[in-house]
file structure.csv (CSV, C-alpha atoms and all ligand atoms)
chain,number,residue,atom,x,y,z
I,26,MET,CA,-13.9,-12.2,16.9
I,27,LYS,CA,-12.8,-13.5,20.3
I,28,LYS,CA,-11.0,-10.6,22.1
I,29,THR,CA,-7.7,-11.3,23.8
I,30,TYR,CA,-6.5,-7.7,24.3
I,31,SER,CA,-8.0,-4.6,26.0
I,32,PHE,CA,-7.2,-1.2,24.8
I,33,ASP,CA,-9.2,0.7,27.5
I,34,GLU,CA,-6.4,0.9,30.1
I,35,ILE,CA,-5.1,4.4,30.8
I,36,ILE,CA,-1.4,4.2,31.1
I,37,ASN,CA,0.5,7.1,32.6
I,38,ARG,CA,3.3,7.8,30.1
I,39,LYS,CA,4.4,11.1,31.8
I,40,GLY,CA,8.0,11.0,32.9
I,41,SER,CA,8.9,8.1,30.6
I,42,ASN,CA,10.8,10.5,28.3
I,43,CYS,CA,8.2,10.1,25.6
I,44,VAL,CA,7.8,12.7,23.0
I,45,LYS,CA,4.0,12.8,23.2
I,46,TYR,CA,3.7,13.8,26.8
I,47,ASP,CA,7.2,14.9,27.9
I,48,LEU,CA,7.6,17.5,25.2
I,49,LEU,CA,4.2,19.2,25.8
I,50,ASP,CA,5.6,21.9,27.9
I,51,LYS,CA,8.3,22.8,25.4
I,52,LEU,CA,6.0,22.7,22.4
I,53,TYR,CA,2.7,23.7,23.7
I,54,GLY,CA,3.6,25.6,26.9
I,55,ASP,CA,1.6,23.4,29.1
I,56,SER,CA,2.5,19.9,30.3
I,57,ASP,CA,-1.1,19.1,31.4
I,58,LEU,CA,-2.7,19.1,28.0
I,59,LEU,CA,-4.3,15.9,26.6
I,60,PRO,CA,-1.8,15.0,23.9
I,61,MET,CA,-3.5,14.0,20.6
I,62,TRP,CA,-0.8,15.1,18.3
I,63,VAL,CA,2.3,13.0,17.4
I,64,ALA,CA,1.5,9.7,15.6
I,65,ASP,CA,2.1,7.2,18.4
I,66,MET,CA,-0.5,5.3,20.3
I,67,ASP,CA,-1.3,5.3,24.0
I,68,PHE,CA,-1.8,1.5,24.0
I,69,LYS,CA,0.6,-1.0,25.4
I,70,THR,CA,3.2,-2.3,23.0
I,71,PRO,CA,1.9,-5.9,22.5
I,72,ASP,CA,3.0,-8.6,24.9
I,73,PHE,CA,4.6,-10.8,22.3
I,74,ILE,CA,7.0,-8.0,21.4
I,75,ILE,CA,7.8,-7.2,25.0
I,76,GLN,CA,8.3,-10.9,25.5
I,77,ALA,CA,10.7,-11.2,22.6
I,78,ILE,CA,12.8,-8.3,24.0
I,79,GLU,CA,12.8,-9.9,27.4
I,80,ASP,CA,13.9,-13.2,25.9
I,81,ARG,CA,16.8,-11.5,24.2
I,82,LEU,CA,17.7,-9.8,27.5
I,83,LYS,CA,18.3,-13.2,29.1
I,84,HIS,CA,21.6,-13.2,27.2
I,85,PRO,CA,23.8,-10.8,29.2
I,86,ILE,CA,25.7,-9.3,26.4
I,87,LEU,CA,24.3,-6.6,24.0
I,88,GLY,CA,27.2,-6.3,21.6
I,89,TYR,CA,27.3,-5.6,17.9
I,90,SER,CA,24.6,-7.6,16.3
I,91,ILE,CA,23.6,-8.9,12.9
I,92,ARG,CA,20.1,-9.5,11.4
I,93,PRO,CA,19.6,-13.2,10.8
I,94,GLU,CA,17.8,-14.6,7.7
I,95,TYR,CA,14.6,-15.0,9.6
I,96,PHE,CA,14.5,-11.2,10.1
I,97,THR,CA,14.2,-10.7,6.3
I,98,GLU,CA,12.0,-13.7,5.9
I,99,SER,CA,9.5,-12.2,8.4
I,100,VAL,CA,9.3,-9.1,6.1
I,101,VAL,CA,8.8,-11.3,3.0
I,102,GLN,CA,6.0,-13.3,4.7
I,103,TRP,CA,4.3,-10.3,6.1
I,104,MET,CA,4.1,-8.6,2.7
I,105,LYS,CA,2.8,-11.7,1.1
I,106,LYS,CA,0.2,-12.5,3.8
I,107,ARG,CA,-0.9,-9.0,4.6
I,108,HIS,CA,-0.7,-7.2,1.2
I,109,ASN,CA,-0.5,-10.1,-1.3
I,110,TYR,CA,2.9,-8.7,-2.6
I,111,SER,CA,5.6,-11.2,-3.3
I,112,ILE,CA,9.1,-9.9,-2.8
I,113,ASP,CA,12.6,-11.4,-3.0
I,114,PRO,CA,14.6,-11.4,0.3
I,115,GLU,CA,17.4,-9.7,-1.5
I,116,TRP,CA,15.3,-6.6,-2.1
I,117,VAL,CA,14.9,-5.9,1.6
I,118,VAL,CA,17.2,-3.2,3.1
I,119,PHE,CA,17.2,-2.3,6.8
I,120,THR,CA,16.9,1.4,7.7
I,121,PRO,CA,16.8,2.9,11.2
I,122,GLY,CA,13.4,4.6,10.5
I,123,ILE,CA,11.4,5.8,7.5
I,124,VAL,CA,12.4,9.4,7.7
I,125,PRO,CA,16.1,8.4,7.4
I,126,ALA,CA,15.1,6.2,4.5
I,127,LEU,CA,13.4,9.1,2.7
I,128,ASN,CA,16.5,11.2,3.2
I,129,ILE,CA,18.8,8.4,1.9
I,130,ALA,CA,16.6,7.9,-1.1
I,131,VAL,CA,16.9,11.6,-2.0
I,132,LEU,CA,20.6,11.7,-1.4
I,133,SER,CA,21.4,8.5,-3.3
I,134,LEU,CA,19.1,8.8,-6.3
I,135,THR,CA,18.9,12.5,-7.0
I,136,GLN,CA,21.4,15.4,-7.4
I,137,ALA,CA,21.4,18.8,-5.8
I,138,GLY,CA,19.3,21.2,-7.8
I,139,GLU,CA,16.9,18.5,-9.1
I,140,GLU,CA,13.2,18.7,-8.5
I,141,ILE,CA,11.2,16.3,-6.3
I,142,ILE,CA,7.4,16.1,-6.2
I,143,VAL,CA,5.6,16.3,-2.9
I,144,GLN,CA,1.9,16.6,-2.5
I,145,PRO,CA,0.8,18.8,0.4
I,146,PRO,CA,-0.8,18.7,2.8
I,147,VAL,CA,1.4,15.8,3.7
I,148,TYR,CA,3.6,14.5,6.5
I,149,PHE,CA,6.0,17.4,6.9
I,150,PRO,CA,9.4,15.6,7.0
I,151,PHE,CA,8.8,15.1,3.3
I,152,PHE,CA,9.6,18.8,2.8
I,153,SER,CA,12.9,18.8,4.7
I,154,ALA,CA,14.0,15.5,3.0
I,155,VAL,CA,14.0,17.6,-0.2
I,156,THR,CA,15.2,21.0,0.9
I,157,ASP,CA,17.8,20.0,3.5
I,158,HIS,CA,19.9,18.4,0.7
I,159,GLY,CA,19.7,21.3,-1.8
I,160,ARG,CA,17.0,19.6,-4.0
I,161,ILE,CA,14.0,21.7,-5.2
I,162,MET,CA,10.5,21.0,-3.9
I,163,SER,CA,8.0,20.7,-6.7
I,164,GLU,CA,4.7,21.1,-4.8
I,165,ASN,CA,1.7,19.5,-6.3
I,166,GLN,CA,-1.0,20.4,-3.9
I,167,LEU,CA,-3.8,17.9,-3.4
I,168,LYS,CA,-7.2,19.1,-4.5
I,169,THR,CA,-10.5,18.6,-2.6
I,170,GLU,CA,-13.4,17.1,-4.4
I,171,ASN,CA,-16.6,16.3,-2.6
I,172,GLY,CA,-14.7,16.7,0.7
I,173,GLU,CA,-12.0,14.2,-0.4
I,174,MET,CA,-8.4,14.9,-1.1
I,175,LYS,CA,-7.4,13.9,-4.7
I,176,ILE,CA,-4.3,14.0,-6.8
I,177,ASN,CA,-4.0,17.0,-9.0
I,178,PHE,CA,-2.8,15.2,-12.2
I,179,GLY,CA,-2.9,18.3,-14.3
I,180,SER,CA,-0.1,20.0,-12.5
I,181,LEU,CA,2.4,17.2,-12.0
I,182,ASN,CA,5.9,18.2,-12.9
I,183,LYS,CA,7.4,16.1,-15.8
I,184,ASN,CA,10.9,17.4,-15.1
I,185,ALA,CA,11.0,16.1,-11.6
I,186,LYS,CA,13.4,13.2,-10.7
I,187,MET,CA,11.6,11.8,-7.8
I,188,LEU,CA,8.1,11.6,-6.2
I,189,LEU,CA,7.7,11.2,-2.4
I,190,LEU,CA,4.3,9.6,-1.9
I,191,SER,CA,2.4,9.0,1.3
I,192,SER,CA,0.3,5.9,0.8
I,193,PRO,CA,-2.0,5.6,2.7
I,194,HIS,CA,-2.0,9.4,3.1
I,195,ASN,CA,-1.0,11.2,6.3
I,196,PRO,CA,-2.7,13.4,7.4
I,197,GLY,CA,-5.8,12.7,5.3
I,198,GLY,CA,-6.1,9.0,6.2
I,199,MET,CA,-7.1,8.2,2.6
I,200,ILE,CA,-6.0,5.4,0.4
I,201,TRP,CA,-5.4,6.2,-3.2
I,202,SER,CA,-7.7,4.3,-5.6
I,203,LYS,CA,-6.0,1.7,-7.8
I,204,LYS,CA,-6.9,3.9,-10.8
I,205,ASP,CA,-5.3,7.0,-9.4
I,206,LEU,CA,-2.2,5.1,-8.0
I,207,LYS,CA,-1.7,3.5,-11.4
I,208,LYS,CA,-2.1,6.7,-13.3
I,209,LEU,CA,0.4,8.5,-10.9
I,210,ALA,CA,2.9,5.6,-11.2
I,211,GLU,CA,2.6,5.5,-15.0
I,212,PHE,CA,3.2,9.2,-15.1
I,213,CYS,CA,6.4,8.6,-13.2
I,214,LEU,CA,7.4,5.7,-15.5
I,215,THR,CA,6.9,7.8,-18.6
I,216,ASN,CA,8.9,10.7,-17.2
I,217,ASN,CA,11.8,8.7,-15.5
I,218,ILE,CA,10.7,9.7,-12.1
I,219,THR,CA,11.7,7.5,-9.2
I,220,ILE,CA,8.9,6.7,-6.8
I,221,VAL,CA,9.5,6.6,-3.0
I,222,SER,CA,6.3,5.1,-1.7
I,223,ASP,CA,6.1,5.6,2.1
I,224,GLU,CA,3.7,2.9,3.2
I,225,ILE,CA,4.4,3.1,6.9
I,226,HIS,CA,0.6,3.3,7.7
I,227,SER,CA,-0.4,0.5,5.3
I,228,ASP,CA,-1.0,-2.1,8.0
I,229,LEU,CA,-3.6,0.1,9.6
I,230,MET,CA,-6.3,-0.3,7.0
I,231,LEU,CA,-9.8,0.3,8.3
I,232,PHE,CA,-13.3,-0.7,7.5
I,233,GLY,CA,-12.3,-3.5,5.2
I,234,ASN,CA,-10.2,-1.4,2.9
I,235,LYS,CA,-7.2,-3.1,1.3
I,236,HIS,CA,-3.8,-1.6,0.8
I,237,LEU,CA,-2.2,-1.8,-2.7
I,238,PRO,CA,1.6,-1.5,-2.6
I,239,THR,CA,2.6,0.9,-5.4
I,240,ALA,CA,5.3,-1.5,-6.5
I,241,SER,CA,2.9,-4.4,-6.9
I,242,ILE,CA,1.0,-2.7,-9.7
I,243,SER,CA,3.4,-3.9,-12.5
I,244,PRO,CA,7.0,-5.1,-12.8
I,245,GLU,CA,7.8,-1.9,-14.6
I,246,ILE,CA,6.5,0.2,-11.8
I,247,GLU,CA,8.2,-2.0,-9.2
I,248,ASN,CA,11.4,-1.3,-11.1
I,249,ILE,CA,11.3,2.4,-10.3
I,250,THR,CA,9.9,2.2,-6.8
I,251,ILE,CA,11.3,2.2,-3.3
I,252,THR,CA,8.7,0.9,-0.8
I,253,CYS,CA,9.1,2.0,2.8
I,254,ILE,CA,7.5,-0.1,5.5
I,255,ALA,CA,7.8,-0.5,9.3
I,256,PRO,CA,6.1,-2.1,12.3
I,257,SER,CA,6.6,1.2,14.2
I,258,LYS,CA,3.1,2.8,13.8
I,259,THR,CA,1.3,-0.5,13.6
I,260,PHE,CA,2.7,-2.0,16.8
I,261,ASN,CA,3.6,1.2,18.7
I,262,ILE,CA,7.4,0.6,18.7
I,263,ALA,CA,8.5,3.9,17.0
I,264,GLY,CA,11.2,4.3,19.7
I,265,LEU,CA,13.0,1.2,18.5
I,266,SER,CA,13.9,2.8,15.1
I,267,SER,CA,13.4,-0.3,13.0
I,268,SER,CA,12.1,-0.3,9.4
I,269,VAL,CA,12.9,-1.6,6.0
I,270,VAL,CA,12.8,-0.5,2.4
I,271,ILE,CA,12.1,-2.8,-0.5
I,272,ILE,CA,14.0,-2.1,-3.7
I,273,SER,CA,13.8,-4.6,-6.6
I,274,ASN,CA,16.0,-2.6,-9.0
I,275,ARG,CA,19.5,-3.7,-8.3
I,276,GLU,CA,21.2,-0.5,-9.4
I,277,MET,CA,18.9,1.6,-7.3
I,278,ARG,CA,19.4,-0.7,-4.3
I,279,GLU,CA,23.2,-0.5,-4.6
I,280,LYS,CA,23.1,3.3,-4.7
I,281,PHE,CA,20.8,3.4,-1.7
I,282,THR,CA,22.9,0.9,0.3
I,283,LYS,CA,26.1,2.8,-0.6
I,284,THR,CA,24.7,6.0,0.9
I,285,LEU,CA,23.3,4.2,3.9
I,286,ASN,CA,26.7,2.5,4.5
I,287,SER,CA,28.6,5.7,4.0
I,288,LEU,CA,26.6,7.2,6.9
I,289,HIS,CA,27.2,4.1,9.1
I,290,ILE,CA,23.6,3.9,10.2
I,291,GLY,CA,22.7,0.5,8.8
I,292,MET,CA,23.4,-1.6,11.9
I,293,GLY,CA,20.2,-0.8,13.9
I,294,ASN,CA,19.8,-2.1,17.4
I,295,ILE,CA,19.3,-5.5,18.8
I,296,PHE,CA,15.8,-4.7,20.2
I,297,GLY,CA,14.6,-3.2,17.0
I,298,ASN,CA,15.5,-6.3,15.1
I,299,VAL,CA,13.9,-8.6,17.7
I,300,ALA,CA,10.7,-6.5,17.8
I,301,LEU,CA,10.3,-6.3,14.0
I,302,GLU,CA,10.6,-10.0,13.7
I,303,ALA,CA,8.1,-10.6,16.5
I,304,ALA,CA,5.6,-8.1,15.1
I,305,TYR,CA,5.7,-9.6,11.6
I,306,THR,CA,5.5,-13.2,12.8
I,307,LYS,CA,3.1,-12.9,15.7
I,308,GLY,CA,1.1,-9.7,15.1
I,309,GLU,CA,-2.0,-10.7,13.2
I,310,GLN,CA,-4.5,-11.2,16.1
I,311,TRP,CA,-3.4,-8.2,18.1
I,312,LEU,CA,-3.6,-6.0,14.9
I,313,ALA,CA,-7.1,-7.3,14.1
I,314,GLU,CA,-8.2,-6.3,17.6
I,315,LEU,CA,-6.4,-3.0,17.4
I,316,ILE,CA,-8.1,-2.1,14.1
I,317,ASP,CA,-11.5,-3.0,15.6
I,318,TYR,CA,-10.9,-0.6,18.5
I,319,LEU,CA,-9.7,2.2,16.2
I,320,GLU,CA,-12.7,1.8,14.0
I,321,GLU,CA,-15.0,2.1,17.1
I,322,ASN,CA,-13.1,5.3,18.2
I,323,ILE,CA,-13.4,6.7,14.7
I,324,ASN,CA,-17.1,6.0,14.4
I,325,PHE,CA,-17.7,7.4,17.8
I,326,ALA,CA,-15.8,10.6,16.9
I,327,ILE,CA,-17.4,11.1,13.6
I,328,ASN,CA,-20.9,10.7,15.1
I,329,PHE,CA,-20.0,13.1,17.8
I,330,PHE,CA,-18.8,15.7,15.4
I,331,GLU,CA,-21.8,15.3,13.2
I,332,ALA,CA,-24.3,15.5,16.1
I,333,LYS,CA,-22.7,18.0,18.3
I,334,ILE,CA,-20.0,20.0,16.5
I,335,PRO,CA,-21.1,20.3,12.9
I,336,GLN,CA,-18.9,23.3,12.4
I,337,ILE,CA,-16.0,20.9,12.3
I,338,LYS,CA,-16.1,18.7,9.3
I,339,VAL,CA,-14.4,15.3,9.2
I,340,ILE,CA,-13.7,12.9,6.4
I,341,LYS,CA,-14.0,9.3,7.5
I,342,PRO,CA,-10.4,7.9,7.2
I,343,GLN,CA,-9.8,4.7,5.3
I,344,ALA,CA,-6.6,4.0,7.1
I,345,THR,CA,-4.5,5.1,10.1
I,346,TYR,CA,-5.6,6.6,13.4
I,347,MET,CA,-5.7,10.2,12.6
I,348,LEU,CA,-8.7,12.4,12.0
I,349,TRP,CA,-8.1,15.4,9.7
I,350,LEU,CA,-10.4,18.0,11.0
I,351,ASP,CA,-11.6,20.8,8.8
I,352,CYS,CA,-12.0,23.6,11.3
I,353,ARG,CA,-12.6,26.4,8.9
I,354,GLY,CA,-16.2,26.6,9.9
I,355,LEU,CA,-15.2,27.8,13.4
I,356,GLY,CA,-14.3,31.1,11.8
I,357,MET,CA,-11.2,31.5,13.9
I,358,SER,CA,-7.8,32.9,12.9
I,359,ASN,CA,-4.9,30.4,13.1
I,360,LYS,CA,-3.7,32.1,16.3
I,361,ASP,CA,-7.2,32.0,17.9
I,362,MET,CA,-7.6,28.4,16.9
I,363,ARG,CA,-4.4,27.3,18.5
I,364,LYS,CA,-5.4,29.2,21.6
I,365,PHE,CA,-8.9,27.7,21.6
I,366,PHE,CA,-7.6,24.1,21.4
I,367,THR,CA,-4.8,24.5,23.9
I,368,ASP,CA,-6.0,27.1,26.4
I,369,ASN,CA,-9.7,26.5,26.4
I,370,CYS,CA,-10.0,22.8,25.4
I,371,ASN,CA,-6.8,21.7,27.1
I,372,LEU,CA,-5.8,19.7,24.0
I,373,ALA,CA,-2.6,19.3,22.0
I,374,LEU,CA,-3.5,18.7,18.4
I,375,SER,CA,-1.3,19.0,15.3
I,376,ASP,CA,-1.8,22.3,13.5
I,377,GLY,CA,-2.7,21.6,9.9
I,378,ARG,CA,-0.3,24.3,8.7
I,379,GLN,CA,2.6,22.0,9.6
I,380,PHE,CA,1.6,19.8,6.7
I,381,GLY,CA,2.1,22.6,4.2
I,382,ARG,CA,-0.2,24.1,1.6
I,383,GLY,CA,-3.8,23.2,2.1
I,384,GLY,CA,-3.4,22.6,5.8
I,385,GLU,CA,-4.5,26.0,6.9
I,386,GLY,CA,-7.7,25.9,9.0
I,387,PHE,CA,-7.2,22.1,9.7
I,388,GLN,CA,-6.1,20.2,12.8
I,389,ARG,CA,-5.0,16.6,13.0
I,390,LEU,CA,-6.4,14.6,15.9
I,391,ASN,CA,-4.7,11.3,16.9
I,392,LEU,CA,-7.4,9.0,18.4
I,393,ALA,CA,-5.2,6.0,19.2
I,394,CYS,CA,-6.1,6.3,22.8
I,395,PRO,CA,-8.6,4.7,25.2
I,396,LYS,CA,-12.1,5.7,24.3
I,397,SER,CA,-12.6,7.4,27.6
I,398,ILE,CA,-9.8,9.9,26.8
I,399,LEU,CA,-11.3,10.5,23.3
I,400,GLU,CA,-14.7,11.2,25.0
I,401,THR,CA,-13.1,13.7,27.3
I,402,ALA,CA,-11.4,15.4,24.4
I,403,LEU,CA,-14.5,15.7,22.3
I,404,GLU,CA,-16.7,16.8,25.2
I,405,SER,CA,-14.1,19.5,25.9
I,406,ILE,CA,-14.3,20.9,22.4
I,407,TYR,CA,-18.1,20.7,22.5
I,408,ASN,CA,-18.4,22.4,25.9
I,409,ASN,CA,-15.9,25.2,25.1
I,410,LEU,CA,-17.6,26.0,21.8
I,411,LYS,CA,-21.0,26.2,23.6
I,412,GLN,CA,-19.5,28.9,25.8
I,413,LYS,CA,-18.2,31.0,22.9
I,501,LIG,C1,4.0,9.0,6.5
I,501,LIG,C2,5.0,8.9,7.6
I,501,LIG,N1,6.3,8.5,7.3
I,501,LIG,C3,7.2,8.3,8.2
I,501,LIG,C4,6.9,8.5,9.6
I,501,LIG,C5,7.9,8.3,10.6
I,501,LIG,O1,8.8,7.4,10.3
I,501,LIG,P1,10.0,7.0,11.3
I,501,LIG,O2,9.6,7.2,12.7
I,501,LIG,O3,10.2,5.5,11.0
I,501,LIG,O4,11.2,7.8,10.8
I,501,LIG,C6,5.6,8.9,9.9
I,501,LIG,C7,5.3,9.2,11.3
I,501,LIG,O5,4.2,9.7,11.7
I,501,LIG,C8,4.6,9.1,8.9
I,501,LIG,O6,3.4,9.4,9.2

call {"tool": "encode", "arguments": {"input": "structure.csv", "output": "structure tokens"}}
result
Amino acid sequence: MKKTYSFDEIINRKGSNCVKYDLLDKLYGDSDLLPMWVADMDFKTPDFIIQAIEDRLKHPILGYSIRPEYFTESVVQWMKKRHNYSIDPEWVVFTPGIVPALNIAVLSLTQAGEEIIVQPPVYFPFFSAVTDHGRIMSENQLKTENGEMKINFGSLNKNAKMLLLSSPHNPGGMIWSKKDLKKLAEFCLTNNITIVSDEIHSDLMLFGNKHLPTASISPEIENITITCIAPSKTFNIAGLSSSVVIISNREMREKFTKTLNSLHIGMGNIFGNVALEAAYTKGEQWLAELIDYLEENINFAINFFEAKIPQIKVIKPQATYMLWLDCRGLGMSNKDMRKFFTDNCNLALSDGRQFGRGGEGFQRLNLACPKSILETALESIYNNLKQK
């Protein structure tokens, strides 16, 4: 592939009010750590998105704004082209982020006191989306088989009203096999459980893997599913709060939209609209090059761990830019592990315990950064372990 973009440049983000760097002191007690935690990338937002925003800025008024038809059309085309999933423009509903969408789904389609399935270890805002609204969390912890995380079908709760699914999975970086995804969705169909399929990482498929939108499995499954997608992770524009949900079932869509409108958060912002449309119409080449770069980083890290730090076990991710590190072989308490990575290695990682049950003894490492930074981070772990 002819390369147009470089991802090697080190860009100083400190002082730009970014969560990743400018919250280090508050969260980790040291503003000079190498931040490899929150899921955003240290790469430039692509030029065609910046350009689209600059073009919009040529008009001097930034008043209330609507989303034109081509906004929705860009989502429809992207889903078809990228994931071979045909959707109707009517099904597309704007939300100012996926976490808001999860909360709105819970509020609009379940009642207080009802049970909602989550499968830890998983992206932790899934938990608060349930408990903040007086719903009951039905935890179905993922099990580990041959070093891989798998769905525990035997303990799924038939009385639940909703399932929150991370697909591909954060923090594990796995994709669910078609067989397992179908089995899970059919369990939901049989038991009248609404599926909220958070597919925010689905454009970041690695090593030739393909994403299967849950809703595309069958029209019946589509009818009980809310699909959540966004260009935020893929194109590094999380600060623009622009995402969409896809809901084919009219009644569910109306309930969802009613809650969204009652909160008055459905307008979004001009730049988020412009950026989403640019990403989905112009993003293919950049994304292909990004994925190449991420794969190189992942291969490099996996080889490094295998050769030099075998105490830490890593499963090769099939999607996303996170490595889920099994650090139990280090034999450290949670407190000592945190101290080791921050005070000794000078790194800010995400503590696995944040992701709930099954996360103890794990750390999540974000490697969407220039390779030279990744090298520094891995060398630091290696050198500090040597001295132990
Ligand atoms: C699975 C998952 N869902 C949602 C989000 C965040 O969504 P948003 O920033 O659009 O609220 C993340 C961010 O890491 C994520 O990993």

call {"tool": "closest_residue", "arguments": {"input": "structure.csv", "among": "I:Asn128, I:Asn369, I:Thr70, I:Asn195", "to": "I:Gly308", "atoms": "only C-alpha atoms"}}
result
I:Thr70

call {"tool": "residues_around", "arguments": {"input": "structure.csv", "residues": "I:Val143", "least_positions_apart": "5", "cutoff": "7 Å", "atoms": "all atoms listed in the file", "output": "list in words"}}
result
Met162, Ser163, Glu164, Asn165, Leu188, Leu189 and Leu190 of chain I

call {"tool": "residues_near_ligand", "arguments": {"input": "structure.csv", "ligand": "ligand LIG 501 (chain I)", "cutoff": "8 Å", "atoms": "all atoms listed in the file", "output": "ChimeraX atom specification"}}
result
/I:63-65,121-126,147-148,150,191-196,223-226,255,257-258,263-264,266-268

call {"tool": "closest_residue", "arguments": {"input": "structure.csv", "among": "I:Ile129, I:Ile295, I:Val221, I:Ile200", "to": "I:Ile141", "atoms": "all atoms listed in the file"}}
result
I:Val221

call {"tool": "residues_around", "arguments": {"input": "structure.csv", "residues": "I:Thr135", "least_positions_apart": "3", "cutoff": "8 Å", "atoms": "all atoms listed in the file", "output": "PyMOL selection string"}}
result
chain I and resi 130-132+139+160+186-187

call {"tool": "closest_residue", "arguments": {"input": "structure.csv", "among": "I:Asn409, I:Gln144, I:Gln102, I:Gln388", "to": "I:Met61", "atoms": "all atoms listed in the file"}}
result
I:Gln388

call {"tool": "closest_residue", "arguments": {"input": "structure.csv", "among": "I:Leu399, I:Ile249, I:Leu285, I:Ile36", "to": "I:Phe325", "atoms": "only C-alpha atoms"}}
result
I:Leu399

call {"tool": "residues_around", "arguments": {"input": "structure.csv", "residues": "stretch 41-52 of chain I", "least_positions_apart": "5", "cutoff": "8 Å", "atoms": "all atoms listed in the file", "output": "MDAnalysis selection string"}}
result
chainID I and resid 57:58 60 62:63 65 373

call {"tool": "write_last_selection", "arguments": {"input": "structure.csv", "atoms": "C-alpha atoms", "output": "short mmCIF file (atom, residue, chain, number, x, y, z; two decimals), in the coordinates of the input"}}
result
data_model
loop_
_atom_site.label_atom_id
_atom_site.label_comp_id
_atom_site.auth_asym_id
_atom_site.auth_seq_id
_atom_site.Cartn_x
_atom_site.Cartn_y
_atom_site.Cartn_z
CA ASP I 57 -1.10 19.10 31.40
CA LEU I 58 -2.70 19.10 28.00
CA PRO I 60 -1.80 15.00 23.90
CA TRP I 62 -0.80 15.10 18.30
CA VAL I 63 2.30 13.00 17.40
CA ASP I 65 2.10 7.20 18.40
CA ALA I 373 -2.60 19.30 22.00
#

call {"tool": "closest_residue", "arguments": {"input": "structure.csv", "among": "I:Ser133, I:Ser202, I:Asn171, I:Gln310", "to": "I:Met277", "atoms": "only C-alpha atoms"}}
result
I:Ser133

call {"tool": "atom_distance", "arguments": {"input": "structure.csv", "atom1": "atom CA of I:Pro395", "atom2": "atom CA of I:His108"}}
result
27.9 Å

call {"tool": "closest_residue", "arguments": {"input": "structure.csv", "among": "I:Lys183, I:Asp228, I:Gln412, I:Leu288", "to": "I:Phe212", "atoms": "all atoms listed in the file"}}
result
I:Lys183

call {"tool": "residues_near_point", "arguments": {"input": "structure.csv", "point": "(22.5, -3.6, 14.9)", "cutoff": "9 Å", "atoms": "only C-alpha atoms", "output": "MDAnalysis selection string"}}
result
chainID I and resid 88:92 290:298

call {"tool": "build_atoms", "arguments": {"input": "structure.csv", "residues": "stretch 257-270 of chain I", "atoms": "N, CA and C atoms", "output": "CSV table (one decimal), in the coordinates of the input"}}
result
chain,number,residue,atom,x,y,z
I,257,SER,N,6.6,0.2,13.2
I,257,SER,CA,6.6,1.2,14.2
I,257,SER,C,5.2,1.8,14.6
I,258,LYS,N,4.5,2.2,13.5
I,258,LYS,CA,3.1,2.8,13.8
I,258,LYS,C,2.2,1.7,14.2
I,259,THR,N,2.2,0.6,13.4
I,259,THR,CA,1.3,-0.5,13.6
I,259,THR,C,1.3,-1.1,15.0
I,260,PHE,N,2.5,-1.3,15.6
I,260,PHE,CA,2.7,-2.0,16.8
I,260,PHE,C,3.2,-1.1,18.0
I,261,ASN,N,3.2,0.2,17.7
I,261,ASN,CA,3.6,1.2,18.7
I,261,ASN,C,5.0,0.9,19.2
I,262,ILE,N,6.0,0.8,18.3
I,262,ILE,CA,7.4,0.6,18.7
I,262,ILE,C,8.3,1.6,17.9
I,263,ALA,N,7.8,2.9,17.8
I,263,ALA,CA,8.5,3.9,17.0
I,263,ALA,C,9.9,4.2,17.7
I,264,GLY,N,9.9,4.0,19.0
I,264,GLY,CA,11.2,4.3,19.7
I,264,GLY,C,12.3,3.3,19.5
I,265,LEU,N,12.0,2.2,18.7
I,265,LEU,CA,13.0,1.2,18.5
I,265,LEU,C,13.7,1.4,17.1
I,266,SER,N,13.3,2.4,16.4
I,266,SER,CA,13.9,2.8,15.1
I,266,SER,C,14.2,1.6,14.2
I,267,SER,N,13.2,0.9,13.8
I,267,SER,CA,13.4,-0.3,13.0
I,267,SER,C,12.5,-0.3,11.8
I,268,SER,N,13.0,-0.3,10.6
I,268,SER,CA,12.1,-0.3,9.4
I,268,SER,C,12.9,-0.9,8.3
I,269,VAL,N,12.2,-1.1,7.2
I,269,VAL,CA,12.9,-1.6,6.0
I,269,VAL,C,12.4,-0.9,4.7
I,270,VAL,N,13.3,-0.9,3.7
I,270,VAL,CA,12.8,-0.5,2.4
I,270,VAL,C,13.0,-1.7,1.5
